[in-house]
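These notes are about the structure you will find just below.
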Amino acid sequence: EAGVAQSPRYKIIEKRQSVAFWCNPISGHATLYWYQQILGQGPKLLIQFQNNGVVDDSQLPKDRFSAERLKGVDSTLKIQPAKLEDSAVYLCASSLSGRVGGTQYFGPGTRLLVL
Amino acid sequence: AQSVTQLDSHVSVSEGTPVLLRCNYSSSYSPSLFWYVQHPNKGLQLLLKYTSAATLVKGINGFEAEFKKSETSFHLTKPSAHMSDAAEYFCVVSDRDYKLSFGAGTTVTVRA
């Protein structure tokens, strides 16, 4: 079974530029998550989708971050404009459903460096 | 509100000796608890999970964890460390909803 795919794996940009990350979840997984992992910390949930609808985006900095999952399959996360503090690893995860105790499967992440 | 505290930021062990990673949690409800491992430049991999069944949970690669409600702990152990166990380990809690709350992580190094 193919895992969660993410691209690019690495990205270096200057502050105030824009950047986009892509995620393809495991086939058949209805729920998709984006996490931000700052160096030395555990991942923090940014947004959760159930199919193509947003379930929770309470931790997403909406003035600069946006995400979409138009056809209920793959998803993009965008940052515009980027700030220095956005340097982090952005992880995508998916699960069969969003039920409590369900297992989330993580992709390899995109490492972003903002200069 | 739910939260997790990993009591050690770094653990160093010799190959072949036991590993103990300590985790305490806070939850208002009956939680689900997980341990994930993250190898360098790799995604997070689920080691094991507890969801209100047996309190001693066995996972992959010889790891196990014991849920102790009275101590609000979910410590991870392995009887004999291998070089491939060198990685970052995260204790994770989830209670009423789908949200996962991660600890800050414990870095494990294994000495030959």
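Chain labels follow the order of the structure tokens: the first chain is A, the next B, and so on; residue numbering restarts at 1 in every chain, and ligands are counted from 1 in their shown order.
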Name the residues in contact with His29 in chain A at a cut-off of 8 Å, using only C-alpha atoms, excluding same-chain residues fewer than 4 positions from it; report them as a PDB file with N, CA, C and O atoms, in the first residue's frame.
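The result, stored in result.pdb:
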ATOM      1  N   PRO A  25      -2.929  11.802  -0.086  1.00  0.00           N
ATOM      2  CA  PRO A  25      -3.109  10.866   1.035  1.00  0.00           C
ATOM      3  C   PRO A  25      -3.184   9.420   0.564  1.00  0.00           C
ATOM      4  O   PRO A  25      -3.195   9.144  -0.631  1.00  0.00           O
ATOM      5  N   SER A  94      -3.004  11.334   6.893  1.00  0.00           N
ATOM      6  CA  SER A  94      -4.360  10.955   6.513  1.00  0.00           C
ATOM      7  C   SER A  94      -4.836   9.806   7.384  1.00  0.00           C
ATOM      8  O   SER A  94      -4.031   9.079   7.971  1.00  0.00           O
ATOM      9  N   SER A  95      -6.145   9.673   7.476  1.00  0.00           N
ATOM     10  CA  SER A  95      -6.746   8.570   8.215  1.00  0.00           C
ATOM     11  C   SER A  95      -8.041   8.173   7.522  1.00  0.00           C
ATOM     12  O   SER A  95      -8.619   8.957   6.763  1.00  0.00           O
ATOM     13  N   LEU A  96      -8.494   6.957   7.817  1.00  0.00           N
ATOM     14  CA  LEU A  96      -9.732   6.483   7.194  1.00  0.00           C
ATOM     15  C   LEU A  96     -10.894   7.401   7.530  1.00  0.00           C
ATOM     16  O   LEU A  96     -11.719   7.715   6.677  1.00  0.00           O
ATOM     17  N   SER A  97     -10.971   7.798   8.810  1.00  0.00           N
ATOM     18  CA  SER A  97     -12.001   8.722   9.236  1.00  0.00           C
ATOM     19  C   SER A  97     -11.420   9.556  10.357  1.00  0.00           C
ATOM     20  O   SER A  97     -10.310   9.311  10.807  1.00  0.00           O
TER      21      SER A  97
END
Residues of chain A within 12 Å of chain B, counting only C-alpha atoms - could you list those as a ChimeraX atom specification?
/A:3-6,9-10,31-50,55-59,89-111
Could you find all residues in chain A that DSSP calls strand (DSSP E) from the backbone, and write them as a PDB file with C-alpha atoms, in the first residue's frame?
ATOM      1  CA  ALA A   5       3.112  11.440  -0.579  1.00  0.00           C
ATOM      2  CA  GLN A   6       4.369  14.996  -0.204  1.00  0.00           C
ATOM      3  CA  SER A   7       6.286  17.373  -2.434  1.00  0.00           C
ATOM      4  CA  TYR A  10      12.778  20.772   0.699  1.00  0.00           C
ATOM      5  CA  LYS A  11      12.178  24.420  -0.083  1.00  0.00           C
ATOM      6  CA  ILE A  12      14.209  27.552   0.555  1.00  0.00           C
ATOM      7  CA  ILE A  13      12.597  30.954   0.006  1.00  0.00           C
ATOM      8  CA  VAL A  19       5.264  28.878  -1.345  1.00  0.00           C
ATOM      9  CA  ALA A  20       2.955  25.914  -1.879  1.00  0.00           C
ATOM     10  CA  PHE A  21       3.121  22.322  -0.656  1.00  0.00           C
ATOM     11  CA  TRP A  22       1.294  19.336  -2.075  1.00  0.00           C
ATOM     12  CA  CYS A  23      -0.007  16.201  -0.391  1.00  0.00           C
ATOM     13  CA  ASN A  24      -1.568  13.013  -1.724  1.00  0.00           C
ATOM     14  CA  THR A  31      -9.570  12.638   6.458  1.00  0.00           C
ATOM     15  CA  LEU A  32      -6.497  14.729   5.719  1.00  0.00           C
ATOM     16  CA  TYR A  33      -4.423  16.792   8.141  1.00  0.00           C
ATOM     17  CA  TRP A  34      -1.682  19.410   7.814  1.00  0.00           C
ATOM     18  CA  TYR A  35       0.744  19.856  10.711  1.00  0.00           C
ATOM     19  CA  GLN A  36       3.557  22.315  11.366  1.00  0.00           C
ATOM     20  CA  GLN A  37       6.608  20.994  13.208  1.00  0.00           C
ATOM     21  CA  LYS A  44       0.970  21.138  15.744  1.00  0.00           C
ATOM     22  CA  LEU A  45      -2.252  20.693  13.802  1.00  0.00           C
ATOM     23  CA  LEU A  46      -2.940  23.481  11.292  1.00  0.00           C
ATOM     24  CA  ILE A  47      -6.025  22.211   9.506  1.00  0.00           C
ATOM     25  CA  GLN A  48      -8.156  19.069   9.121  1.00  0.00           C
ATOM     26  CA  PHE A  49     -10.288  18.131   6.120  1.00  0.00           C
ATOM     27  CA  GLN A  50     -13.065  15.556   6.010  1.00  0.00           C
ATOM     28  CA  GLY A  53     -14.719  20.124   3.735  1.00  0.00           C
ATOM     29  CA  VAL A  54     -12.801  21.845   6.526  1.00  0.00           C
ATOM     30  CA  VAL A  55     -13.437  20.341   9.967  1.00  0.00           C
ATOM     31  CA  ASP A  56     -10.984  22.398  11.985  1.00  0.00           C
ATOM     32  CA  PHE A  65      -1.880  30.458   5.274  1.00  0.00           C
ATOM     33  CA  SER A  66      -4.494  28.811   3.084  1.00  0.00           C
ATOM     34  CA  ALA A  67      -5.305  25.215   2.240  1.00  0.00           C
ATOM     35  CA  GLU A  68      -7.658  23.426  -0.073  1.00  0.00           C
ATOM     36  CA  SER A  75      -4.443  18.873  -0.969  1.00  0.00           C
ATOM     37  CA  THR A  76      -2.301  21.990  -1.189  1.00  0.00           C
ATOM     38  CA  LEU A  77      -1.097  24.243   1.617  1.00  0.00           C
ATOM     39  CA  LYS A  78       0.026  27.756   0.705  1.00  0.00           C
ATOM     40  CA  ILE A  79       1.891  30.451   2.597  1.00  0.00           C
ATOM     41  CA  ALA A  88       9.524  24.380   9.884  1.00  0.00           C
ATOM     42  CA  VAL A  89       8.647  20.937   8.587  1.00  0.00           C
ATOM     43  CA  TYR A  90       5.130  20.727   7.180  1.00  0.00           C
ATOM     44  CA  LEU A  91       3.645  17.287   7.634  1.00  0.00           C
ATOM     45  CA  CYS A  92       0.628  15.851   5.910  1.00  0.00           C
ATOM     46  CA  ALA A  93      -1.273  12.940   7.420  1.00  0.00           C
ATOM     47  CA  SER A  94      -4.360  10.955   6.513  1.00  0.00           C
ATOM     48  CA  SER A  95      -6.746   8.570   8.215  1.00  0.00           C
ATOM     49  CA  TYR A 105      -0.480   7.992   8.764  1.00  0.00           C
ATOM     50  CA  PHE A 106       2.148  10.625   8.079  1.00  0.00           C
ATOM     51  CA  THR A 110       8.344  19.277   3.470  1.00  0.00           C
ATOM     52  CA  ARG A 111      11.203  21.113   5.138  1.00  0.00           C
ATOM     53  CA  LEU A 112      10.818  24.881   4.624  1.00  0.00           C
ATOM     54  CA  LEU A 113      13.559  27.403   5.295  1.00  0.00           C
ATOM     55  CA  VAL A 114      12.655  31.094   5.118  1.00  0.00           C
TER      56      VAL A 114
END
Would you give me, as a VMD selection string, the residues in chain B that DSSP reads as helix (DSSP H, G or I)?
chain B and resid 60 to 62 69 to 71 83 to 85
Any chance you could export the current selection's all heavy atoms as a PDB file, in the first residue's frame?
ATOM      1  N   ILE B  60       5.299  -2.392  17.391  1.00  0.00           N
ATOM      2  CA  ILE B  60       6.247  -2.935  16.433  1.00  0.00           C
ATOM      3  C   ILE B  60       7.671  -2.843  16.965  1.00  0.00           C
ATOM      4  O   ILE B  60       7.947  -2.083  17.896  1.00  0.00           O
ATOM      5  CB  ILE B  60       6.147  -2.206  15.078  1.00  0.00           C
ATOM      6  CG1 ILE B  60       6.494  -0.722  15.234  1.00  0.00           C
ATOM      7  CG2 ILE B  60       4.760  -2.382  14.478  1.00  0.00           C
ATOM      8  CD1 ILE B  60       6.608   0.025  13.930  1.00  0.00           C
ATOM      9  N   ASN B  61       8.561  -3.639  16.369  1.00  0.00           N
ATOM     10  CA  ASN B  61       9.993  -3.587  16.686  1.00  0.00           C
ATOM     11  C   ASN B  61      10.315  -3.845  18.150  1.00  0.00           C
ATOM     12  O   ASN B  61      11.330  -3.354  18.655  1.00  0.00           O
ATOM     13  CB  ASN B  61      10.583  -2.232  16.260  1.00  0.00           C
ATOM     14  CG  ASN B  61      10.415  -1.988  14.783  1.00  0.00           C
ATOM     15  OD1 ASN B  61      10.283  -2.914  13.988  1.00  0.00           O
ATOM     16  ND2 ASN B  61      10.388  -0.727  14.391  1.00  0.00           N
ATOM     17  N   GLY B  62       9.484  -4.618  18.848  1.00  0.00           N
ATOM     18  CA  GLY B  62       9.770  -4.999  20.219  1.00  0.00           C
ATOM     19  C   GLY B  62       9.409  -3.981  21.284  1.00  0.00           C
ATOM     20  O   GLY B  62       9.711  -4.178  22.461  1.00  0.00           O
ATOM     21  N   LYS B  69      -3.544   4.535  34.686  1.00  0.00           N
ATOM     22  CA  LYS B  69      -4.461   5.643  34.906  1.00  0.00           C
ATOM     23  C   LYS B  69      -4.167   6.357  36.220  1.00  0.00           C
ATOM     24  O   LYS B  69      -4.232   7.590  36.294  1.00  0.00           O
ATOM     25  CB  LYS B  69      -5.906   5.131  34.905  1.00  0.00           C
ATOM     26  CG  LYS B  69      -6.946   6.227  34.992  1.00  0.00           C
ATOM     27  CD  LYS B  69      -8.342   5.656  34.871  1.00  0.00           C
ATOM     28  CE  LYS B  69      -9.392   6.757  34.929  1.00  0.00           C
ATOM     29  NZ  LYS B  69     -10.771   6.198  34.777  1.00  0.00           N
ATOM     30  N   SER B  70      -3.831   5.609  37.267  1.00  0.00           N
ATOM     31  CA  SER B  70      -3.593   6.211  38.578  1.00  0.00           C
ATOM     32  C   SER B  70      -2.378   7.149  38.557  1.00  0.00           C
ATOM     33  O   SER B  70      -2.305   8.103  39.329  1.00  0.00           O
ATOM     34  CB  SER B  70      -3.379   5.126  39.627  1.00  0.00           C
ATOM     35  OG  SER B  70      -2.260   4.331  39.291  1.00  0.00           O
ATOM     36  N   GLU B  71      -1.451   6.866  37.663  1.00  0.00           N
ATOM     37  CA  GLU B  71      -0.239   7.689  37.561  1.00  0.00           C
ATOM     38  C   GLU B  71      -0.283   8.610  36.348  1.00  0.00           C
ATOM     39  O   GLU B  71       0.665   9.370  36.134  1.00  0.00           O
ATOM     40  CB  GLU B  71       0.985   6.786  37.470  1.00  0.00           C
ATOM     41  CG  GLU B  71       1.176   5.891  38.692  1.00  0.00           C
ATOM     42  CD  GLU B  71       2.358   4.946  38.554  1.00  0.00           C
ATOM     43  OE1 GLU B  71       3.153   5.102  37.597  1.00  0.00           O
ATOM     44  OE2 GLU B  71       2.477   4.042  39.399  1.00  0.00           O
ATOM     45  N   MET B  83      20.772  -0.498  17.280  1.00  0.00           N
ATOM     46  CA  MET B  83      21.271   0.757  16.674  1.00  0.00           C
ATOM     47  C   MET B  83      20.181   1.447  15.856  1.00  0.00           C
ATOM     48  O   MET B  83      20.109   2.684  15.827  1.00  0.00           O
ATOM     49  CB  MET B  83      22.476   0.479  15.786  1.00  0.00           C
ATOM     50  CG  MET B  83      23.700  -0.051  16.524  1.00  0.00           C
ATOM     51  SD  MET B  83      24.310   1.095  17.770  1.00  0.00           S
ATOM     52  CE  MET B  83      24.997   2.369  16.732  1.00  0.00           C
ATOM     53  N   SER B  84      19.328   0.661  15.222  1.00  0.00           N
ATOM     54  CA  SER B  84      18.270   1.244  14.384  1.00  0.00           C
ATOM     55  C   SER B  84      17.182   1.941  15.195  1.00  0.00           C
ATOM     56  O   SER B  84      16.300   2.586  14.623  1.00  0.00           O
ATOM     57  CB  SER B  84      17.631   0.149  13.527  1.00  0.00           C
ATOM     58  OG  SER B  84      17.049  -0.842  14.349  1.00  0.00           O
ATOM     59  N   ASP B  85      17.232   1.825  16.535  1.00  0.00           N
ATOM     60  CA  ASP B  85      16.242   2.515  17.376  1.00  0.00           C
ATOM     61  C   ASP B  85      16.586   3.987  17.592  1.00  0.00           C
ATOM     62  O   ASP B  85      15.789   4.732  18.180  1.00  0.00           O
ATOM     63  CB  ASP B  85      16.130   1.822  18.739  1.00  0.00           C
ATOM     64  CG  ASP B  85      15.575   0.420  18.624  1.00  0.00           C
ATOM     65  OD1 ASP B  85      14.741   0.182  17.725  1.00  0.00           O
ATOM     66  OD2 ASP B  85      15.987  -0.446  19.426  1.00  0.00           O
TER      67      ASP B  85
END
Measure the distance from CA of Lys15 in chain A to CA of Leu60 in chain A in Å and round it to one decimal.
18.6 Å
From CA of Tyr25 in chain B to CA of Ala81 in chain B the spacing works out at 24.8 Å
Name all residues at most 8 Å from Ala1 in chain B (count only C-alpha atoms; drop same-chain ones fewer than 2 positions away) and give them as a compact mmCIF listing (two decimals) with C-alpha atoms, in the first residue's frame.
# COMPACT_ATOMS: atom_id res chain seq x y z
CA SER B 3 -1.66 17.64 27.05
CA SER B 26 -3.41 15.16 31.16
CA SER B 27 -6.94 14.52 29.92
CA SER B 28 -10.44 15.27 31.13
